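Have a look at work.pdb below; it lists PDB, C-alpha atoms.
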```
ATOM      1  CA  GLY A 161     -22.710  32.523  68.092
ATOM      2  CA  ARG A 162     -22.369  32.405  64.297
ATOM      3  CA  THR A 163     -19.905  35.328  64.327
ATOM      4  CA  THR A 164     -17.736  33.645  66.955
ATOM      5  CA  ALA A 165     -17.685  30.315  65.067
ATOM      6  CA  ARG A 166     -16.846  32.088  61.815
ATOM      7  CA  SER A 167     -13.954  33.927  63.508
ATOM      8  CA  ARG A 168     -12.621  30.654  64.909
ATOM      9  CA  ASN A 169     -12.735  29.038  61.465
ATOM     10  CA  MET A 170     -10.871  31.951  59.867
ATOM     11  CA  THR A 171      -8.234  31.802  62.581
ATOM     12  CA  MET A 172      -7.746  28.051  62.051
ATOM     13  CA  LEU A 173      -7.429  28.514  58.287
ATOM     14  CA  LYS A 174      -4.830  31.243  58.708
ATOM     15  CA  SER A 175      -2.853  29.092  61.149
ATOM     16  CA  THR A 176      -2.957  26.146  58.770
ATOM     17  CA  ALA A 177      -1.792  28.312  55.859
ATOM     18  CA  VAL A 178       1.117  29.700  57.901
ATOM     19  CA  ALA A 179       2.113  26.182  58.954
ATOM     20  CA  LEU A 180       2.055  24.924  55.377
ATOM     21  CA  ALA A 181       4.096  27.910  54.225
ATOM     22  CA  MET A 182       6.713  27.280  56.923
ATOM     23  CA  LEU A 183       6.820  23.596  56.003
ATOM     24  CA  ALA A 184       7.302  24.431  52.338
ATOM     25  CA  SER A 185      10.087  26.886  53.156
ATOM     26  CA  ALA A 186      11.859  24.347  55.337
ATOM     27  CA  SER A 187      11.601  21.589  52.751
ATOM     28  CA  ALA A 188      13.134  23.879  50.123
ATOM     29  CA  PHE A 189      16.407  23.917  52.064
ATOM     30  CA  ALA A 190      16.324  20.286  53.195
ATOM     31  CA  PRO A 191      18.317  17.703  51.194
ATOM     32  CA  SER A 192      16.116  15.892  48.731
ATOM     33  CA  THR A 193      15.546  12.173  49.188
ATOM     34  CA  ARG A 194      13.696  11.755  45.915
ATOM     35  CA  ARG A 195      15.481  10.306  42.931
ATOM     36  CA  PRO A 196      15.662  12.684  39.959
ATOM     37  CA  THR A 197      13.223  11.967  37.174
ATOM     38  CA  ARG A 198      14.677  11.461  33.710
ATOM     39  CA  HIS A 199      12.756  12.789  30.757
ATOM     40  CA  THR A 200      13.421  11.557  27.248
ATOM     41  CA  VAL A 201      12.720  14.096  24.523
ATOM     42  CA  SER A 202      12.267  12.725  21.031
ATOM     43  CA  MET A 203      13.191  15.104  18.210
ATOM     44  CA  ALA A 204      10.828  15.088  15.269
ATOM     45  CA  VAL A 205      13.346  16.927  13.026
ATOM     46  CA  ASP A 206      16.207  14.873  11.617
ATOM     47  CA  ARG A 207      19.616  16.330  10.923
ATOM     48  CA  ASN A 208      20.841  16.393   7.339
ATOM     49  CA  PRO A 209      22.362  12.877   7.059
ATOM     50  CA  ASN A 210      24.929  14.059   4.522
ATOM     51  CA  PHE A 211      26.813  15.912   7.257
ATOM     52  CA  ALA A 212      27.733  12.519   8.711
ATOM     53  CA  LYS A 213      29.670  11.741   5.509
ATOM     54  CA  LEU A 214      32.138  14.535   6.164
ATOM     55  CA  GLN A 215      35.486  13.362   7.423
ATOM     56  CA  ALA A 216      37.207  14.084  10.736
ATOM     57  CA  GLY A 217      37.530  17.824  10.274
ATOM     58  CA  TYR A 218      38.078  20.744   7.974
ATOM     59  CA  LEU A 219      41.340  20.408   6.042
ATOM     60  CA  PHE A 220      43.057  23.628   7.073
ATOM     61  CA  PRO A 221      42.921  23.174  10.871
ATOM     62  CA  GLU A 222      44.304  19.675  10.348
ATOM     63  CA  ILE A 223      47.180  21.095   8.286
ATOM     64  CA  GLY A 224      47.845  23.572  11.102
ATOM     65  CA  ARG A 225      47.916  20.814  13.736
ATOM     66  CA  ARG A 226      50.342  18.709  11.720
ATOM     67  CA  ARG A 227      52.574  21.715  11.013
ATOM     68  CA  ASN A 228      52.736  22.645  14.692
ATOM     69  CA  ALA A 229      53.420  19.061  15.718
ATOM     70  CA  HIS A 230      56.269  18.854  13.196
ATOM     71  CA  LEU A 231      57.741  22.148  14.409
ATOM     72  CA  GLU A 232      57.719  20.944  18.003
ATOM     73  CA  LYS A 233      59.884  17.984  17.009
ATOM     74  CA  ASN A 234      61.883  19.925  14.402
ATOM     75  CA  PRO A 235      62.084  23.577  15.564
ATOM     76  CA  ASP A 236      64.608  24.496  12.847
ATOM     77  CA  ALA A 237      62.522  23.099   9.992
ATOM     78  CA  ASN A 238      61.835  25.450   7.078
ATOM     79  CA  ILE A 239      58.198  24.688   6.241
ATOM     80  CA  ILE A 240      56.294  25.841   3.180
ATOM     81  CA  SER A 241      52.751  25.677   4.483
ATOM     82  CA  LEU A 242      49.867  24.909   2.153
ATOM     83  CA  GLY A 243      47.351  25.757   4.886
ATOM     84  CA  ILE A 244      45.219  28.859   5.256
ATOM     85  CA  GLY A 245      46.818  31.863   3.626
ATOM     86  CA  ASP A 246      47.253  35.082   5.534
ATOM     87  CA  THR A 247      48.187  38.655   4.771
ATOM     88  CA  THR A 248      51.730  39.782   5.545
ATOM     89  CA  MET A 249      51.735  43.505   4.712
ATOM     90  CA  PRO A 250      49.666  46.422   6.035
ATOM     91  CA  ILE A 251      46.710  47.786   4.076
ATOM     92  CA  PRO A 252      47.824  50.432   1.519
ATOM     93  CA  ASP A 253      46.952  54.022   2.413
ATOM     94  CA  HIS A 254      44.534  54.607  -0.476
ATOM     95  CA  ILE A 255      42.493  51.540   0.518
ATOM     96  CA  LEU A 256      42.663  52.282   4.224
ATOM     97  CA  SER A 257      41.564  55.883   3.738
ATOM     98  CA  GLY A 258      38.574  54.690   1.699
ATOM     99  CA  LEU A 259      37.562  52.262   4.453
ATOM    100  CA  VAL A 260      37.925  54.898   7.151
ATOM    101  CA  GLY A 261      36.000  57.472   5.112
ATOM    102  CA  ALA A 262      33.130  55.095   4.384
ATOM    103  CA  ALA A 263      32.927  54.059   8.046
ATOM    104  CA  SER A 264      32.910  57.703   9.169
ATOM    105  CA  GLU A 265      29.988  58.469   6.864
ATOM    106  CA  LEU A 266      27.907  55.909   8.748
ATOM    107  CA  GLY A 267      28.367  57.938  11.943
ATOM    108  CA  VAL A 268      26.732  61.097  10.576
ATOM    109  CA  LYS A 269      23.004  61.414   9.956
ATOM    110  CA  GLU A 270      23.435  63.362   6.714
ATOM    111  CA  THR A 271      25.691  60.740   5.128
ATOM    112  CA  TYR A 272      24.321  57.579   6.745
ATOM    113  CA  SER A 273      23.312  55.118   4.004
ATOM    114  CA  GLY A 274      21.906  52.049   5.767
ATOM    115  CA  TYR A 275      22.091  48.714   4.009
ATOM    116  CA  GLY A 276      23.919  48.666   0.699
ATOM    117  CA  ALA A 277      22.612  47.427  -2.642
ATOM    118  CA  GLU A 278      22.156  43.659  -2.810
ATOM    119  CA  GLN A 279      24.590  43.365  -5.759
ATOM    120  CA  GLY A 280      27.134  45.773  -4.278
ATOM    121  CA  LYS A 281      27.528  49.522  -4.573
ATOM    122  CA  ALA A 282      26.837  50.761  -8.087
ATOM    123  CA  GLY A 283      30.030  52.817  -8.234
ATOM    124  CA  LEU A 284      32.147  49.847  -7.242
ATOM    125  CA  ARG A 285      30.512  47.564  -9.820
ATOM    126  CA  GLU A 286      31.092  50.179 -12.503
ATOM    127  CA  LYS A 287      34.787  50.369 -11.600
ATOM    128  CA  ILE A 288      35.139  46.579 -11.612
ATOM    129  CA  ALA A 289      33.511  46.324 -15.036
ATOM    130  CA  SER A 290      35.648  49.080 -16.547
ATOM    131  CA  LYS A 291      39.017  48.660 -14.813
ATOM    132  CA  LEU A 292      39.206  44.884 -14.353
ATOM    133  CA  TYR A 293      37.226  43.748 -17.397
ATOM    134  CA  ASN A 294      37.878  46.628 -19.808
ATOM    135  CA  ASP A 295      34.139  47.235 -20.258
ATOM    136  CA  LYS A 296      33.668  43.765 -21.739
ATOM    137  CA  ILE A 297      30.896  43.192 -19.205
ATOM    138  CA  LYS A 298      28.200  45.466 -17.850
ATOM    139  CA  PRO A 299      28.098  46.680 -14.220
ATOM    140  CA  GLU A 300      24.767  44.864 -13.892
ATOM    141  CA  GLU A 301      26.640  41.593 -14.477
ATOM    142  CA  VAL A 302      28.935  42.193 -11.493
ATOM    143  CA  PHE A 303      28.009  40.810  -8.079
ATOM    144  CA  VAL A 304      30.033  41.911  -5.055
ATOM    145  CA  SER A 305      29.784  39.096  -2.523
ATOM    146  CA  ASP A 306      31.182  38.240   0.900
ATOM    147  CA  GLY A 307      33.712  35.708  -0.399
ATOM    148  CA  ALA A 308      34.294  32.663  -2.596
ATOM    149  CA  LYS A 309      33.450  30.110   0.093
ATOM    150  CA  CYS A 310      29.925  31.461   0.516
ATOM    151  CA  ASP A 311      29.474  31.767  -3.243
ATOM    152  CA  ILE A 312      30.439  28.128  -3.793
ATOM    153  CA  ALA A 313      27.818  27.046  -1.259
ATOM    154  CA  ARG A 314      25.195  29.234  -2.939
ATOM    155  CA  LEU A 315      25.985  27.716  -6.333
ATOM    156  CA  GLN A 316      25.679  24.233  -4.869
ATOM    157  CA  MET A 317      22.248  25.112  -3.461
ATOM    158  CA  MET A 318      21.209  26.381  -6.889
ATOM    159  CA  PHE A 319      22.356  23.209  -8.668
ATOM    160  CA  GLY A 320      20.883  20.882  -6.040
ATOM    161  CA  SER A 321      21.590  17.271  -5.137
ATOM    162  CA  LYS A 322      21.098  15.525  -8.491
ATOM    163  CA  VAL A 323      24.161  16.867 -10.306
ATOM    164  CA  ILE A 324      27.648  15.398 -10.578
ATOM    165  CA  SER A 325      30.438  17.854  -9.820
ATOM    166  CA  ALA A 326      34.001  17.755 -11.128
ATOM    167  CA  VAL A 327      36.814  19.257  -9.065
ATOM    168  CA  GLN A 328      40.547  19.657  -9.468
ATOM    169  CA  ASP A 329      42.693  17.287  -7.439
ATOM    170  CA  PRO A 330      44.086  18.829  -5.319
ATOM    171  CA  SER A 331      41.632  21.668  -4.851
ATOM    172  CA  TYR A 332      40.122  24.007  -2.308
ATOM    173  CA  PRO A 333      38.201  21.663   0.055
ATOM    174  CA  VAL A 334      34.973  23.683  -0.011
ATOM    175  CA  TYR A 335      34.118  22.370  -3.490
ATOM    176  CA  VAL A 336      34.017  18.797  -2.207
ATOM    177  CA  ASP A 337      32.583  19.561   1.233
ATOM    178  CA  THR A 338      29.613  21.487  -0.154
ATOM    179  CA  SER A 339      28.961  18.728  -2.694
ATOM    180  CA  VAL A 340      28.829  16.255   0.173
ATOM    181  CA  MET A 341      26.542  18.425   2.305
ATOM    182  CA  MET A 342      24.162  18.928  -0.631
ATOM    183  CA  GLY A 343      23.778  15.174  -1.035
ATOM    184  CA  GLN A 344      25.479  14.904  -4.426
ATOM    185  CA  THR A 345      27.996  12.273  -3.342
ATOM    186  CA  GLY A 346      28.195   8.764  -2.056
ATOM    187  CA  THR A 347      30.366   7.771   0.873
ATOM    188  CA  MET A 348      34.110   8.130   1.250
ATOM    189  CA  ASP A 349      36.231   5.532  -0.541
ATOM    190  CA  THR A 350      38.877   5.053   2.131
ATOM    191  CA  ASP A 351      41.293   3.352  -0.279
ATOM    192  CA  LYS A 352      41.319   6.386  -2.575
ATOM    193  CA  SER A 353      40.470   9.028   0.068
ATOM    194  CA  GLN A 354      37.825  10.269  -2.354
ATOM    195  CA  PHE A 355      34.044  10.447  -2.311
ATOM    196  CA  ASP A 356      31.982   8.371  -4.693
ATOM    197  CA  ASN A 357      29.993  10.233  -7.361
ATOM    198  CA  ILE A 358      32.455  13.123  -7.655
ATOM    199  CA  VAL A 359      34.741  13.471 -10.663
ATOM    200  CA  TYR A 360      38.276  14.189  -9.483
ATOM    201  CA  MET A 361      40.474  15.817 -12.140
ATOM    202  CA  PRO A 362      44.150  15.087 -11.376
ATOM    203  CA  CYS A 363      46.269  18.236 -11.615
ATOM    204  CA  ASN A 364      49.877  17.378 -10.844
ATOM    205  CA  PRO A 365      53.409  17.788 -12.241
ATOM    206  CA  GLY A 366      52.846  14.794 -14.507
ATOM    207  CA  ASN A 367      50.188  16.611 -16.560
ATOM    208  CA  GLY A 368      51.396  20.160 -16.093
ATOM    209  CA  PHE A 369      48.775  20.762 -13.391
ATOM    210  CA  PHE A 370      46.031  20.732 -16.031
ATOM    211  CA  PRO A 371      43.485  17.896 -16.281
ATOM    212  CA  ASP A 372      43.268  15.456 -19.165
ATOM    213  CA  LEU A 373      39.860  16.557 -20.420
ATOM    214  CA  LYS A 374      39.609  13.836 -23.078
ATOM    215  CA  SER A 375      39.642  11.044 -20.495
ATOM    216  CA  MET A 376      37.522  12.917 -17.981
ATOM    217  CA  PRO A 377      34.251  11.191 -16.957
ATOM    218  CA  ARG A 378      30.972  12.978 -17.570
ATOM    219  CA  ALA A 379      30.064  15.697 -15.054
ATOM    220  CA  ASP A 380      27.332  18.323 -14.912
ATOM    221  CA  VAL A 381      29.318  21.094 -13.226
ATOM    222  CA  ILE A 382      33.061  21.707 -13.503
ATOM    223  CA  TYR A 383      34.742  23.770 -10.804
ATOM    224  CA  PHE A 384      38.038  25.156 -12.009
ATOM    225  CA  CYS A 385      40.235  27.550 -10.029
ATOM    226  CA  SER A 386      43.252  29.283 -11.565
ATOM    227  CA  PRO A 387      45.663  29.987  -9.979
ATOM    228  CA  ASN A 388      44.915  26.737  -8.235
ATOM    229  CA  ASN A 389      44.553  26.500  -4.491
ATOM    230  CA  PRO A 390      46.738  24.978  -3.045
ATOM    231  CA  THR A 391      49.324  24.379  -5.813
ATOM    232  CA  GLY A 392      49.380  27.928  -7.194
ATOM    233  CA  ALA A 393      49.486  26.605 -10.771
ATOM    234  CA  ALA A 394      47.983  29.015 -13.307
ATOM    235  CA  ALA A 395      46.397  27.732 -16.520
ATOM    236  CA  THR A 396      47.517  29.279 -19.792
ATOM    237  CA  LYS A 397      45.178  31.033 -22.224
ATOM    238  CA  SER A 398      45.269  28.046 -24.589
ATOM    239  CA  GLN A 399      44.432  25.668 -21.723
ATOM    240  CA  LEU A 400      41.502  27.807 -20.623
ATOM    241  CA  THR A 401      40.313  27.968 -24.240
ATOM    242  CA  GLU A 402      40.441  24.171 -24.368
ATOM    243  CA  LEU A 403      38.491  23.977 -21.100
ATOM    244  CA  VAL A 404      35.742  26.293 -22.328
ATOM    245  CA  LYS A 405      35.485  24.375 -25.616
ATOM    246  CA  HIS A 406      35.241  21.069 -23.752
ATOM    247  CA  ALA A 407      32.524  22.398 -21.446
ATOM    248  CA  SER A 408      30.538  23.751 -24.390
ATOM    249  CA  GLU A 409      30.731  20.535 -26.370
ATOM    250  CA  GLN A 410      29.905  18.285 -23.407
ATOM    251  CA  VAL A 411      27.153  20.601 -22.109
ATOM    252  CA  HIS A 412      28.882  21.218 -18.800
ATOM    253  CA  ILE A 413      28.372  24.227 -16.570
ATOM    254  CA  LEU A 414      31.833  25.703 -16.045
ATOM    255  CA  THR A 415      32.383  27.579 -12.778
ATOM    256  CA  PHE A 416      35.660  29.453 -13.031
TER     257      PHE A 416
END
```

Mind turning the file's structure into structure tokens?
Amino acid sequence: GRTTARSRNMTMLKSTAVALAMLASASAFAPSTRRPTRHTVSMAVDRNPNFAKLQAGYLFPEIGRRRNAHLEKNPDANIISLGIGDTTMPIPDHILSGLVGAASELGVKETYSGYGAEQGKAGLREKIASKLYNDKIKPEEVFVSDGAKCDIARLQMMFGSKVISAVQDPSYPVYVDTSVMMGQTGTMDTDKSQFDNIVYMPCNPGNGFFPDLKSMPRADVIYFCSPNNPTGAAATKSQLTELVKHASEQVHILTF
């Protein structure tokens, strides 16, 4: 009697399980009548608030949009663009052959080199020191980087948020943008189109594209680019000598 009762119970359990499985399968394909549940996730990590100070967009794409819009209305216009520069000629053979040769070495086990030196290849730094600087600097003082934009950001990280930066006006926008992102600046003065707590050094035809250093407000770091981007103006040797003297006397860090 016990065996028969146990068999009946097992049969009923199996039947119930099959029925539940069929019901679950059917409900998976049936349209849902339940309202979706909304979950609110609170983020404990705040975004860097200084990013909100940045203006509508990066300067160069905006220049490109305005140039294209002008060309649509004036297709015969002869525009001198001060936007992003680009190359116009093919790579010279001696440079191209060096690139191809170095890339080919990475495809052979015997010549594969892996990651390069953190300061750049020793042979390249030696050539830069001797050919470009006439051995006035040591190869150990040369750093081969991935570009000026990244280097500017690295310098800003090194100097931190408590310094006042001075930039040419006009200048490459990365100097200002990285100062803003590092928290060195105040907000944008919409009347002047300039950020508070940055020293803007006017460089225009009226002053020969070189700032009036005597009337320049105090700054901790001076960023000076010659030839200037975007004007192309190049400072003379006497002007650069004056700039270095001014930075030394005023205890500025000069980034050239």

With a cut-off of 7 Å, could you pull out the residues of region 346-383 of chain A touching region 323-339 of chain A and give me the nearest pair of atoms for each, distance in Å to one decimal, using all atoms listed in the file, ordered by chain and ascending number, as JSON lines?
```
{"residue": "A:Asn357", "atom": "CA", "partner": "A:Ile324", "partner_atom": "CA", "distance": 6.5}
{"residue": "A:Ile358", "atom": "CA", "partner": "A:Ser325", "partner_atom": "CA", "distance": 5.6}
{"residue": "A:Val359", "atom": "CA", "partner": "A:Ala326", "partner_atom": "CA", "distance": 4.4}
{"residue": "A:Tyr360", "atom": "CA", "partner": "A:Val327", "partner_atom": "CA", "distance": 5.3}
{"residue": "A:Met361", "atom": "CA", "partner": "A:Gln328", "partner_atom": "CA", "distance": 4.7}
{"residue": "A:Pro362", "atom": "CA", "partner": "A:Asp329", "partner_atom": "CA", "distance": 4.7}
{"residue": "A:Cys363", "atom": "CA", "partner": "A:Asp329", "partner_atom": "CA", "distance": 5.6}
{"residue": "A:Ala379", "atom": "CA", "partner": "A:Ile324", "partner_atom": "CA", "distance": 5.1}
{"residue": "A:Asp380", "atom": "CA", "partner": "A:Ile324", "partner_atom": "CA", "distance": 5.2}
{"residue": "A:Val381", "atom": "CA", "partner": "A:Ser325", "partner_atom": "CA", "distance": 4.8}
{"residue": "A:Ile382", "atom": "CA", "partner": "A:Ala326", "partner_atom": "CA", "distance": 4.7}
{"residue": "A:Tyr383", "atom": "CA", "partner": "A:Val327", "partner_atom": "CA", "distance": 5.3}
```

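Of the residues listed (A:Ser321, A:Arg314, A:Ser264, A:Pro390), A:Ser321 shows the shortest atom-to-atom separation from Gly346 (chain A); distances use all atoms listed in the file.
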
**Request:** Give as a ChimeraX atom specification the residues that the PyMOL selection byres ((chain A and resi 393) around 10) matches when applied to the coordinates above.
**Result:** /A:363-365,368-370,385-392,394-396

Quick one: what's the axis-aligned box for region 408-416 of chain A, all listed atoms, 5 Å on every side, centre and edges in Å to one decimal, as lines of an AutoDock Vina configuration file?
```
center_x = 31.4
center_y = 23.9
center_z = -19.6
size_x = 18.5
size_y = 21.2
size_z = 23.6
```

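Of note, CA of Ile240 (chain A) and CA of Arg227 (chain A) are spaced 9.6 Å apart.
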
**Request:** Convert the output of the PyMOL selection byres ((chain A and resi 298-308) around 8) on the shown file into explicit residues, formatted as number ranges by chain.
**Result:** A: 279-280, 282, 285-286, 288-289, 295-297, 309-312

Go ahead and dump the residues you just picked, C-alpha atoms, as an mmCIF file, in the frame of the given file.
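Saved to result-v6.cif:
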```
data_model
loop_
_atom_site.group_PDB
_atom_site.id
_atom_site.type_symbol
_atom_site.label_atom_id
_atom_site.label_comp_id
_atom_site.auth_asym_id
_atom_site.auth_seq_id
_atom_site.Cartn_x
_atom_site.Cartn_y
_atom_site.Cartn_z
ATOM 1 C CA GLN A 279 24.590 43.365 -5.759
ATOM 2 C CA GLY A 280 27.134 45.773 -4.278
ATOM 3 C CA ALA A 282 26.837 50.761 -8.087
ATOM 4 C CA ARG A 285 30.512 47.564 -9.820
ATOM 5 C CA GLU A 286 31.092 50.179 -12.503
ATOM 6 C CA ILE A 288 35.139 46.579 -11.612
ATOM 7 C CA ALA A 289 33.511 46.324 -15.036
ATOM 8 C CA ASP A 295 34.139 47.235 -20.258
ATOM 9 C CA LYS A 296 33.668 43.765 -21.739
ATOM 10 C CA ILE A 297 30.896 43.192 -19.205
ATOM 11 C CA LYS A 309 33.450 30.110 0.093
ATOM 12 C CA CYS A 310 29.925 31.461 0.516
ATOM 13 C CA ASP A 311 29.474 31.767 -3.243
ATOM 14 C CA ILE A 312 30.439 28.128 -3.793
#
```

**Fill in**
What separates CA of Thr345 (chain A) and CA of Lys322 (chain A) is a distance of 9.2 Å

**Item:** Residues selected by the PyMOL selection byres ((chain A and resi 405-412) around 9), written as a list of chain:residue names
**Value:** A:Leu373, A:Lys374, A:Arg378, A:Ala379, A:Asp380, A:Val381, A:Ile382, A:Leu400, A:Thr401, A:Glu402, A:Leu403, A:Val404, A:Ile413, A:Leu414

**Prompt:** CA of Arg225 (chain A) to CA of Thr248 (chain A): how many Å, to one decimal?
**Reply:** 21.0 Å

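Each of A:Ala229, A:Ile223, A:Leu259, A:Met317 was compared to Ile244 (chain A) using all atoms listed in the file, and A:Ile223 turns out to be the nearest.
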